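**Q** Okay, so here is run-v4.cif, and as you'll see once you scroll down, it has mmCIF, C-alpha atoms.
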```cif
data_start
loop_
_atom_site.label_atom_id
_atom_site.label_comp_id
_atom_site.auth_asym_id
_atom_site.auth_seq_id
_atom_site.Cartn_x
_atom_site.Cartn_y
_atom_site.Cartn_z
CA MET J 1 21.25 75.74 90.64
CA ILE J 2 21.43 78.30 87.89
CA SER J 3 23.40 80.96 89.70
CA CYS J 4 26.72 80.96 91.51
CA VAL J 5 26.01 84.31 93.19
CA GLN J 6 25.66 83.71 96.93
CA GLY J 7 24.48 87.08 98.21
CA TRP J 8 23.05 90.43 97.21
CA PRO J 9 25.65 93.04 96.19
CA GLU J 10 24.18 95.66 98.55
CA ALA J 11 22.11 95.79 101.72
CA VAL J 12 18.50 94.90 100.95
CA VAL J 13 15.93 97.58 101.80
CA ARG J 14 12.34 96.49 102.45
CA VAL J 15 10.05 98.72 100.43
CA GLN J 16 7.20 98.22 102.89
CA GLN J 17 9.37 99.74 105.62
CA LEU J 18 10.14 102.73 103.41
CA SER J 19 6.44 103.21 102.79
CA ASP J 20 5.48 102.81 106.45
CA SER J 21 8.19 105.28 107.55
CA GLY J 22 6.15 108.16 106.14
CA ILE J 23 8.74 109.38 103.62
CA ARG J 24 7.42 111.89 101.11
CA VAL J 25 10.28 111.59 98.60
CA ILE J 26 11.34 108.18 97.32
CA PRO J 27 15.08 107.31 97.24
CA ASP J 28 16.86 107.87 93.93
CA ARG J 29 17.33 104.13 93.39
CA TYR J 30 13.58 103.82 92.77
CA VAL J 31 13.22 106.78 90.41
CA LYS J 32 12.88 105.59 86.81
CA LYS J 33 14.15 107.32 83.70
CA PRO J 34 11.49 109.67 82.27
CA SER J 35 10.92 107.31 79.33
CA ASP J 36 10.19 104.42 81.74
CA ARG J 37 7.80 106.23 84.07
CA PRO J 38 4.05 105.56 84.17
CA ILE J 39 1.89 107.35 81.64
CA PRO J 40 -0.88 109.30 83.42
CA ASP J 41 -3.46 108.89 80.65
CA ALA J 42 -2.93 105.17 79.90
CA ARG J 43 -6.36 103.86 78.96
CA GLU J 44 -7.97 101.12 81.02
CA VAL J 45 -9.14 98.20 78.88
CA ASN J 46 -10.53 94.72 79.13
CA ILE J 47 -8.12 92.31 77.51
CA PRO J 48 -9.87 89.28 75.89
CA VAL J 49 -12.07 87.37 78.36
CA ILE J 50 -12.48 83.60 77.95
CA ASP J 51 -15.20 81.53 79.60
CA MET J 52 -13.42 78.21 80.20
CA GLU J 53 -16.69 76.33 80.71
CA ARG J 54 -17.40 76.84 77.03
CA MET J 55 -14.32 74.76 76.14
CA TYR J 56 -16.14 71.75 77.60
CA SER J 57 -19.59 72.45 76.16
CA GLY J 58 -21.57 69.64 74.59
CA ASP J 59 -21.85 71.84 71.49
CA ALA J 60 -18.83 71.34 69.20
CA GLU J 61 -19.32 74.75 67.58
CA ILE J 62 -19.12 76.51 70.97
CA ARG J 63 -15.91 74.59 71.75
CA ARG J 64 -14.44 75.54 68.38
CA ARG J 65 -15.30 79.24 68.76
CA THR J 66 -13.87 79.35 72.29
CA ALA J 67 -10.63 77.68 71.17
CA THR J 68 -10.39 80.25 68.36
CA LEU J 69 -10.79 83.11 70.83
CA ILE J 70 -7.92 81.70 72.92
CA ASP J 71 -5.76 81.29 69.80
CA GLU J 72 -6.44 84.86 68.68
CA ALA J 73 -5.64 86.22 72.15
CA CYS J 74 -2.29 84.37 72.22
CA ARG J 75 -1.33 85.70 68.78
CA GLU J 76 -2.62 89.26 69.14
CA TRP J 77 -2.33 90.14 72.83
CA GLY J 78 -0.24 87.46 74.55
CA PHE J 79 -2.69 88.04 77.44
CA PHE J 80 -6.26 87.09 78.28
CA GLN J 81 -8.49 86.66 81.33
CA VAL J 82 -10.29 83.42 82.19
CA VAL J 83 -13.53 83.03 84.11
CA ASN J 84 -15.30 79.82 85.16
CA HIS J 85 -11.84 78.30 85.34
CA GLY J 86 -12.54 75.61 87.95
CA VAL J 87 -10.55 77.11 90.84
CA GLY J 88 -12.76 77.83 93.84
CA HIS J 89 -13.37 81.53 94.45
CA GLU J 90 -13.45 81.20 98.23
CA MET J 91 -10.14 79.37 98.31
CA MET J 92 -8.60 81.97 95.98
CA GLY J 93 -9.68 84.80 98.26
CA ARG J 94 -8.52 83.06 101.42
CA THR J 95 -5.10 82.40 99.89
CA ARG J 96 -4.63 86.03 98.89
CA GLU J 97 -5.76 87.25 102.31
CA ALA J 98 -3.35 84.85 104.04
CA TRP J 99 -0.51 86.45 102.09
CA ARG J 100 -1.80 89.91 102.89
CA GLU J 101 -1.60 88.91 106.57
CA PHE J 102 1.94 87.64 106.07
CA PHE J 103 3.12 90.99 104.75
CA GLN J 104 1.57 92.72 107.77
CA LEU J 105 3.62 90.61 110.20
CA PRO J 106 6.51 92.23 112.11
CA VAL J 107 9.58 92.57 109.92
CA GLY J 108 11.54 90.21 112.18
CA GLU J 109 9.12 87.37 111.44
CA LYS J 110 9.35 87.97 107.70
CA GLN J 111 13.14 88.24 107.84
CA ARG J 112 13.27 84.58 108.90
CA TYR J 113 12.59 83.85 105.23
CA ALA J 114 14.95 86.44 103.70
CA ASN J 115 16.07 85.19 100.31
CA SER J 116 19.34 85.17 98.40
CA PRO J 117 20.00 85.22 94.64
CA THR J 118 21.09 81.58 94.76
CA THR J 119 17.49 80.37 94.30
CA TYR J 120 15.38 83.49 95.03
CA GLU J 121 13.25 81.39 97.39
CA GLY J 122 11.76 83.34 100.27
CA TYR J 123 11.11 86.97 101.21
CA GLY J 124 12.72 89.42 98.81
CA SER J 125 12.78 93.01 97.63
CA ARG J 126 14.86 93.04 94.45
CA LEU J 127 15.47 91.21 91.17
CA GLY J 128 18.91 91.21 89.60
CA VAL J 129 22.32 91.03 91.23
CA GLU J 130 24.15 93.79 89.35
CA LYS J 131 25.29 96.49 91.75
CA GLY J 132 23.58 99.84 91.35
CA ILE J 133 20.64 98.70 89.19
CA SER J 134 17.33 100.55 89.37
CA LEU J 135 14.99 99.07 91.99
CA ASP J 136 11.24 98.53 91.92
CA TRP J 137 8.66 99.61 94.50
CA SER J 138 7.69 96.14 95.75
CA ASP J 139 8.48 93.28 98.09
CA TYR J 140 7.69 89.65 97.31
CA PHE J 141 7.76 86.05 98.46
CA PHE J 142 8.97 83.38 96.04
CA LEU J 143 8.52 79.62 96.47
CA HIS J 144 8.79 76.39 94.47
CA TYR J 145 5.85 74.03 93.95
CA LEU J 146 7.07 71.74 91.14
CA PRO J 147 8.98 69.56 90.60
CA VAL J 148 8.20 67.92 93.91
CA GLU J 149 11.85 67.50 94.85
CA LEU J 150 12.27 71.30 94.89
CA ARG J 151 9.19 71.83 97.06
CA ASP J 152 10.40 72.64 100.58
CA HIS J 153 7.57 73.42 103.00
CA ASN J 154 10.14 74.53 105.59
CA LYS J 155 10.79 77.57 103.39
CA TRP J 156 7.10 78.46 103.32
CA PRO J 157 5.70 80.78 106.02
CA THR J 158 4.35 79.24 109.22
CA LEU J 159 2.28 82.38 109.85
CA PRO J 160 -0.52 82.87 109.30
CA VAL J 161 -1.16 79.27 110.29
CA SER J 162 -3.36 78.60 107.24
CA CYS J 163 -0.73 79.76 104.75
CA ARG J 164 1.05 76.50 103.93
CA GLU J 165 -2.14 74.49 103.45
CA LEU J 166 -3.74 77.20 101.33
CA VAL J 167 -0.65 77.55 99.14
CA SER J 168 -0.66 73.80 98.48
CA GLN J 169 -4.38 73.72 97.62
CA TYR J 170 -4.22 76.85 95.47
CA SER J 171 -1.10 75.75 93.57
CA GLU J 172 -2.53 72.29 92.86
CA LYS J 173 -5.67 73.75 91.29
CA VAL J 174 -3.86 76.42 89.27
CA VAL J 175 -1.40 73.84 87.92
CA GLU J 176 -4.40 71.77 86.78
CA LEU J 177 -5.70 74.81 84.92
CA CYS J 178 -2.28 75.27 83.28
CA GLY J 179 -2.35 71.68 82.07
CA LYS J 180 -5.72 72.25 80.40
CA LEU J 181 -4.53 75.44 78.75
CA MET J 182 -1.38 73.76 77.44
CA LYS J 183 -3.49 71.16 75.63
CA ILE J 184 -5.61 73.92 74.09
CA PHE J 185 -2.52 75.88 73.01
CA ALA J 186 -0.94 72.79 71.43
CA THR J 187 -4.09 71.84 69.53
CA ASN J 188 -4.57 75.42 68.32
CA LEU J 189 -1.00 75.41 66.98
CA GLY J 190 -1.67 72.21 65.04
CA LEU J 191 0.43 70.05 67.38
CA ASN J 192 -0.45 66.89 69.28
CA GLU J 193 -2.35 68.00 72.40
CA ASP J 194 0.42 66.67 74.68
CA TYR J 195 3.28 68.19 72.68
CA LEU J 196 3.84 71.28 74.83
CA HIS J 197 3.47 69.35 78.08
CA GLU J 198 6.15 66.90 76.96
CA ALA J 199 8.35 69.71 75.60
CA PHE J 200 8.25 71.25 79.09
CA GLY J 201 9.52 68.00 80.62
CA GLY J 202 6.29 66.09 81.22
CA ASP J 203 5.83 65.27 84.89
CA GLU J 204 9.16 66.95 85.68
CA LEU J 205 8.12 70.44 84.56
CA GLY J 206 8.33 73.35 86.97
CA ALA J 207 5.87 75.58 88.79
CA CYS J 208 6.67 78.33 91.26
CA MET J 209 4.82 81.19 92.90
CA ARG J 210 5.72 84.81 93.40
CA VAL J 211 3.47 86.73 95.77
CA ASN J 212 3.82 90.45 95.08
CA TYR J 213 3.31 93.16 97.69
CA TYR J 214 3.09 96.71 96.34
CA PRO J 215 3.08 99.23 99.22
CA LYS J 216 1.60 102.70 98.96
CA CYS J 217 4.04 105.07 97.28
CA PRO J 218 4.32 108.83 97.91
CA GLN J 219 5.49 109.49 94.32
CA PRO J 220 3.86 106.85 92.12
CA ASP J 221 4.46 108.93 88.99
CA LEU J 222 8.22 108.44 89.31
CA THR J 223 8.55 104.69 89.85
CA LEU J 224 7.14 101.24 89.04
CA GLY J 225 6.10 98.31 91.18
CA LEU J 226 7.68 96.01 88.60
CA SER J 227 9.69 97.24 85.64
CA SER J 228 8.81 96.39 82.07
CA HIS J 229 9.60 92.80 81.06
CA SER J 230 8.26 89.71 79.37
CA ASP J 231 8.10 86.60 81.52
CA PRO J 232 11.06 84.30 80.82
CA GLY J 233 9.13 81.09 81.56
CA GLY J 234 6.29 79.27 79.87
CA MET J 235 3.01 80.70 81.10
CA THR J 236 1.94 82.90 84.00
CA VAL J 237 -1.36 82.73 85.87
CA LEU J 238 -1.91 85.97 87.77
CA TYR J 239 -4.51 86.45 90.49
CA PRO J 240 -4.63 90.25 90.72
CA ASP J 241 -5.94 92.52 93.41
CA GLU J 242 -9.24 93.32 91.74
CA ASN J 243 -9.81 96.41 93.91
CA VAL J 244 -6.76 98.28 92.58
CA SER J 245 -5.68 98.20 88.93
CA GLY J 246 -1.93 97.97 88.49
CA LEU J 247 -0.97 95.72 85.56
CA GLN J 248 -0.11 97.46 82.31
CA VAL J 249 0.39 95.62 79.02
CA ARG J 250 2.12 96.93 75.92
CA TYR J 251 -0.35 96.68 73.06
CA ARG J 252 0.38 98.10 69.63
CA ASP J 253 3.19 100.28 71.02
CA SER J 254 1.02 101.78 73.77
CA TRP J 255 0.64 100.98 77.46
CA VAL J 256 -2.86 99.94 78.47
CA THR J 257 -4.01 99.30 82.04
CA VAL J 258 -5.75 95.96 82.52
CA LYS J 259 -9.13 96.13 84.24
CA PRO J 260 -9.31 93.00 86.45
CA ILE J 261 -12.53 90.99 86.61
CA PRO J 262 -13.45 89.68 90.09
CA ASN J 263 -12.39 86.04 90.58
CA ALA J 264 -10.76 85.86 87.14
CA PHE J 265 -7.20 84.87 86.37
CA ILE J 266 -5.00 86.82 83.97
CA ILE J 267 -3.06 84.45 81.71
CA ASN J 268 0.02 85.52 79.81
CA ILE J 269 2.29 83.74 77.39
CA GLY J 270 5.95 83.52 78.44
CA ASP J 271 9.12 83.54 76.35
CA GLN J 272 9.40 79.73 76.29
CA LEU J 273 6.01 79.35 74.60
CA GLN J 274 6.98 82.08 72.14
CA ILE J 275 10.10 80.07 71.31
CA LEU J 276 8.30 76.68 71.09
CA SER J 277 5.61 78.20 68.86
CA ASN J 278 8.27 79.77 66.63
CA ALA J 279 6.79 83.19 67.41
CA ASN J 280 3.23 82.29 66.43
CA TYR J 281 2.34 83.02 70.05
CA LYS J 282 3.98 86.01 71.66
CA SER J 283 5.14 86.91 75.13
CA VAL J 284 4.28 90.54 75.66
CA GLU J 285 6.01 93.28 77.59
CA HIS J 286 4.19 94.29 80.76
CA ARG J 287 4.83 96.24 83.95
CA VAL J 288 3.15 97.22 87.22
CA ILE J 289 2.25 100.72 88.39
CA VAL J 290 1.75 101.71 92.02
CA ASN J 291 -0.39 104.33 93.75
CA SER J 292 -0.36 106.57 96.81
CA GLU J 293 -3.69 105.47 98.28
CA LYS J 294 -3.76 101.68 98.42
CA GLU J 295 -1.38 98.77 98.79
CA ARG J 296 -1.84 95.75 96.51
CA VAL J 297 -1.26 92.01 96.79
CA SER J 298 -1.20 89.71 93.76
CA LEU J 299 -0.27 86.06 93.23
CA ALA J 300 1.63 84.95 90.13
CA LEU J 301 2.09 81.24 89.42
CA PHE J 302 4.76 80.55 86.80
CA TYR J 303 4.39 77.33 84.79
CA ASN J 304 7.80 76.56 83.35
CA PRO J 305 9.87 73.97 81.52
CA LYS J 306 12.19 71.70 83.46
CA GLY J 307 15.40 73.65 83.98
CA GLU J 308 17.73 71.30 82.09
CA ILE J 309 15.45 70.51 79.14
CA VAL J 310 16.32 71.96 75.73
CA ILE J 311 13.70 74.36 74.37
CA LYS J 312 13.49 75.06 70.63
CA PRO J 313 10.81 75.75 68.02
CA ALA J 314 8.55 72.80 67.23
CA GLU J 315 9.69 71.26 63.93
CA GLN J 316 6.10 71.27 62.63
CA LEU J 317 6.06 75.06 62.93
CA VAL J 318 9.29 75.65 61.00
CA THR J 319 8.61 76.21 57.30
CA ALA J 320 10.14 77.95 54.32
CA GLU J 321 7.73 80.83 54.88
CA GLN J 322 8.41 80.90 58.61
CA PRO J 323 11.97 79.67 59.22
CA ARG J 324 13.35 78.82 62.64
CA ARG J 325 13.38 82.00 64.73
CA TYR J 326 15.34 80.81 67.78
CA PRO J 327 18.28 78.53 68.57
CA ALA J 328 17.96 75.73 71.12
CA THR J 329 18.69 76.58 74.75
CA THR J 330 17.84 75.26 78.19
CA TYR J 331 15.46 77.17 80.43
CA ASN J 332 18.13 77.38 83.15
CA GLU J 333 20.48 79.13 80.74
CA TYR J 334 17.73 81.41 79.48
CA ARG J 335 16.48 82.66 82.86
CA ARG J 336 19.96 83.47 84.13
CA TYR J 337 19.62 86.76 82.24
CA ILE J 338 16.72 88.21 84.27
CA ARG J 339 18.14 86.86 87.51
CA THR J 340 21.34 88.79 86.81
CA LYS J 341 20.08 92.01 85.24
CA GLY J 342 16.51 92.21 86.55
CA PRO J 343 13.52 93.08 84.34
CA CYS J 344 14.66 94.47 80.96
CA GLY J 345 11.70 94.75 78.62
CA LYS J 346 11.81 92.33 75.67
CA SER J 347 15.57 92.61 75.26
CA GLN J 348 16.26 89.00 76.22
CA VAL J 349 13.99 87.15 73.82
CA GLU J 350 14.76 89.64 71.04
CA SER J 351 18.53 89.19 71.44
CA HIS J 352 18.00 85.43 71.54
CA LYS J 353 16.07 85.70 68.29
CA SER J 354 18.75 87.74 66.52
CA ILE J 355 21.42 85.12 67.16
CA SER J 356 19.86 82.73 64.66
CA GLN J 357 19.07 85.21 61.88
#
```
In structure tokens, how does this file's structure come out?

**A**
Amino acid sequence: MISCVQGWPEAVVRVQQLSDSGIRVIPDRYVKKPSDRPIPDAREVNIPVIDMERMYSGDAEIRRRTATLIDEACREWGFFQVVNHGVGHEMMGRTREAWREFFQLPVGEKQRYANSPTTYEGYGSRLGVEKGISLDWSDYFFLHYLPVELRDHNKWPTLPVSCRELVSQYSEKVVELCGKLMKIFATNLGLNEDYLHEAFGGDELGACMRVNYYPKCPQPDLTLGLSSHSDPGGMTVLYPDENVSGLQVRYRDSWVTVKPIPNAFIINIGDQLQILSNANYKSVEHRVIVNSEKERVSLALFYNPKGEIVIKPAEQLVTAEQPRRYPATTYNEYRRYIRTKGPCGKSQVESHKSISQ
């Protein structure tokens, strides 16, 4: 356990119920400061797109060029999309639709899985346990997949009936993809290809899923589906709702809206890989906007270090020209920040960085 907080500080309001009630003005708790509100003219862009099949081409030059594209995306953007990634498109779609069905169930059925800040597992509507914090326009379902001893199928939905089996199949395939990407990242950084896998705890590393539900919002210009943050873990694999753009990434001090490609995954570097790479790779601030016309469902799988393992910059990447940027810390200690305060831009990794300089 990484938190001693047993319950939420205030009554939890389901955002979907607010949306379905027909309100025309959102409650003050969801209204963001003017500086944090969505930008109407944010340009829609394609972040780098990687064809994973090319990493396994028989042509060494194609493999080299593809690895270079991944390396450049991790250094410049912290985000990229992957196609031909080896996860079946039909199974992906069925998994997302099963979750869409879950969120359309009667609230009493969903409340059976209501979560607490002790582990965040289950059906939730807020991040952060500080009383009075700004809230986001979204509900979610959070579950553990790895390590196996944390996987509790009894905490996974029984309805729709296909949900548990699909979650298992989907998570297994996405975790396989993460393992392949970790080898590529390590090699690109000049490390042994298994270095990052072992640094994450080897076979004891963690993986968990957060299914995001963003209801229609009567005032989307005033709020966010998920406030600005960088992911505290290692790597995130996002399966977006390709029919409705919502993810925004901070790129060169501007917000850009990511244009999803059908059946692609969006990959982003988390804070732990930024730390291990000694800031050669960067975790990038991102957020989610909402709209008044369509609800959205997205699946985020977080690939993380084992909670108790110490994370620090790889010694091979610490030089006189690029000294150590971060002190050693465990992932459990690190992620306590976002679980207490909620999403807070890049403030966590930046404050962590300043300690050692």

**Q** Distance CA of Arg296 (chain J)-CA of Thr119 (chain J), one decimal place?

**A**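 CA of Thr119 (chain J) lies 24.8 Å from CA of Arg296 (chain J).
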
**Q** Run the PyMOL selection byres ((chain J and resi 126) around 8) against the file shown and list the residues it catches, as a list in words.

**A** Val12, Gly124, Ser125, Leu127, Gly128, Leu135, Asp136, Ser138 and Asp139 of chain J

**Q** Find the distance between CA of Val249 (chain J) and CA of Glu285 (chain J) and write it in Å to one decimal.

**A**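 Computing it gives 6.3 Å between the two atoms.
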
**Q** Starting from the PyMOL selection byres ((chain J and resi 42-50) around 8), expand the selection into actual residues of this file and give them as a PyMOL selection string.

**A** chain J and resi 39-41+51-52+66+69-70+73+77+79-83+255-260

**Q** So the first atom is CA of Trp8 (chain J) and the second is CA of Val107 (chain J); what is the distance between them in Å, to one decimal place?

**A**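 Atom-to-atom, CA of Trp8 (chain J) and CA of Val107 (chain J) are spaced 18.6 Å apart.
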
**Q** Could you give me, as JSON lines, every region 250-323 of chain J residue with an atom at most 12 Å from region 142-154 of chain J, plus its closest atom pair and distance in Å to one decimal, counting all atoms listed in the file, rows ordered by chain then number?

**A**
```
{"residue": "J:Leu299", "atom": "CA", "partner": "J:Phe142", "partner_atom": "CA", "distance": 10.0}
{"residue": "J:Ala300", "atom": "CA", "partner": "J:Phe142", "partner_atom": "CA", "distance": 9.6}
{"residue": "J:Leu301", "atom": "CA", "partner": "J:Tyr145", "partner_atom": "CA", "distance": 9.3}
{"residue": "J:Phe302", "atom": "CA", "partner": "J:His144", "partner_atom": "CA", "distance": 9.6}
{"residue": "J:Tyr303", "atom": "CA", "partner": "J:Leu146", "partner_atom": "CA", "distance": 8.9}
{"residue": "J:Asn304", "atom": "CA", "partner": "J:Leu146", "partner_atom": "CA", "distance": 9.2}
{"residue": "J:Pro305", "atom": "CA", "partner": "J:Pro147", "partner_atom": "CA", "distance": 10.1}
{"residue": "J:Lys306", "atom": "CA", "partner": "J:Pro147", "partner_atom": "CA", "distance": 8.1}
{"residue": "J:Gly307", "atom": "CA", "partner": "J:Pro147", "partner_atom": "CA", "distance": 10.1}
```

**Q** For this file, the PyMOL selection byres ((chain J and resi 324) around 9) selects which residues, as JSON, numbers by chain?

**A** {"J": [278, 312, 313, 314, 315, 317, 318, 319, 320, 322, 323, 325, 326, 327, 356, 357]}

**Q** Please return as a PyMOL selection string every residue within 8 Å of (-2.0, 89.8, 100.5), taking into account all atoms listed in the file and the file's own coordinates.

**A** chain J and resi 96-103+211-213+296-298

**Q** Just write the chosen residues, C-alpha atoms, as a PDB file, in the coordinates of the input.

**A**
```
ATOM      1  CA  ARG J  96      -4.630  86.030  98.890  1.00  0.00           C
ATOM      2  CA  GLU J  97      -5.760  87.250 102.310  1.00  0.00           C
ATOM      3  CA  ALA J  98      -3.350  84.850 104.040  1.00  0.00           C
ATOM      4  CA  TRP J  99      -0.510  86.450 102.090  1.00  0.00           C
ATOM      5  CA  ARG J 100      -1.800  89.910 102.890  1.00  0.00           C
ATOM      6  CA  GLU J 101      -1.600  88.910 106.570  1.00  0.00           C
ATOM      7  CA  PHE J 102       1.940  87.640 106.070  1.00  0.00           C
ATOM      8  CA  PHE J 103       3.120  90.990 104.750  1.00  0.00           C
ATOM      9  CA  VAL J 211       3.470  86.730  95.770  1.00  0.00           C
ATOM     10  CA  ASN J 212       3.820  90.450  95.080  1.00  0.00           C
ATOM     11  CA  TYR J 213       3.310  93.160  97.690  1.00  0.00           C
ATOM     12  CA  ARG J 296      -1.840  95.750  96.510  1.00  0.00           C
ATOM     13  CA  VAL J 297      -1.260  92.010  96.790  1.00  0.00           C
ATOM     14  CA  SER J 298      -1.200  89.710  93.760  1.00  0.00           C
TER      15      SER J 298
END
```

**Q** Can you list, as a list in words, every protein, DNA or RNA residue that comes within 12 Å of Ser35 (chain J) when you count all atoms listed in the file, leaving out same-chain residues fewer than 6 positions away?

**A** Asp221, Leu222, Thr223, Ser227 and Ser228 of chain J
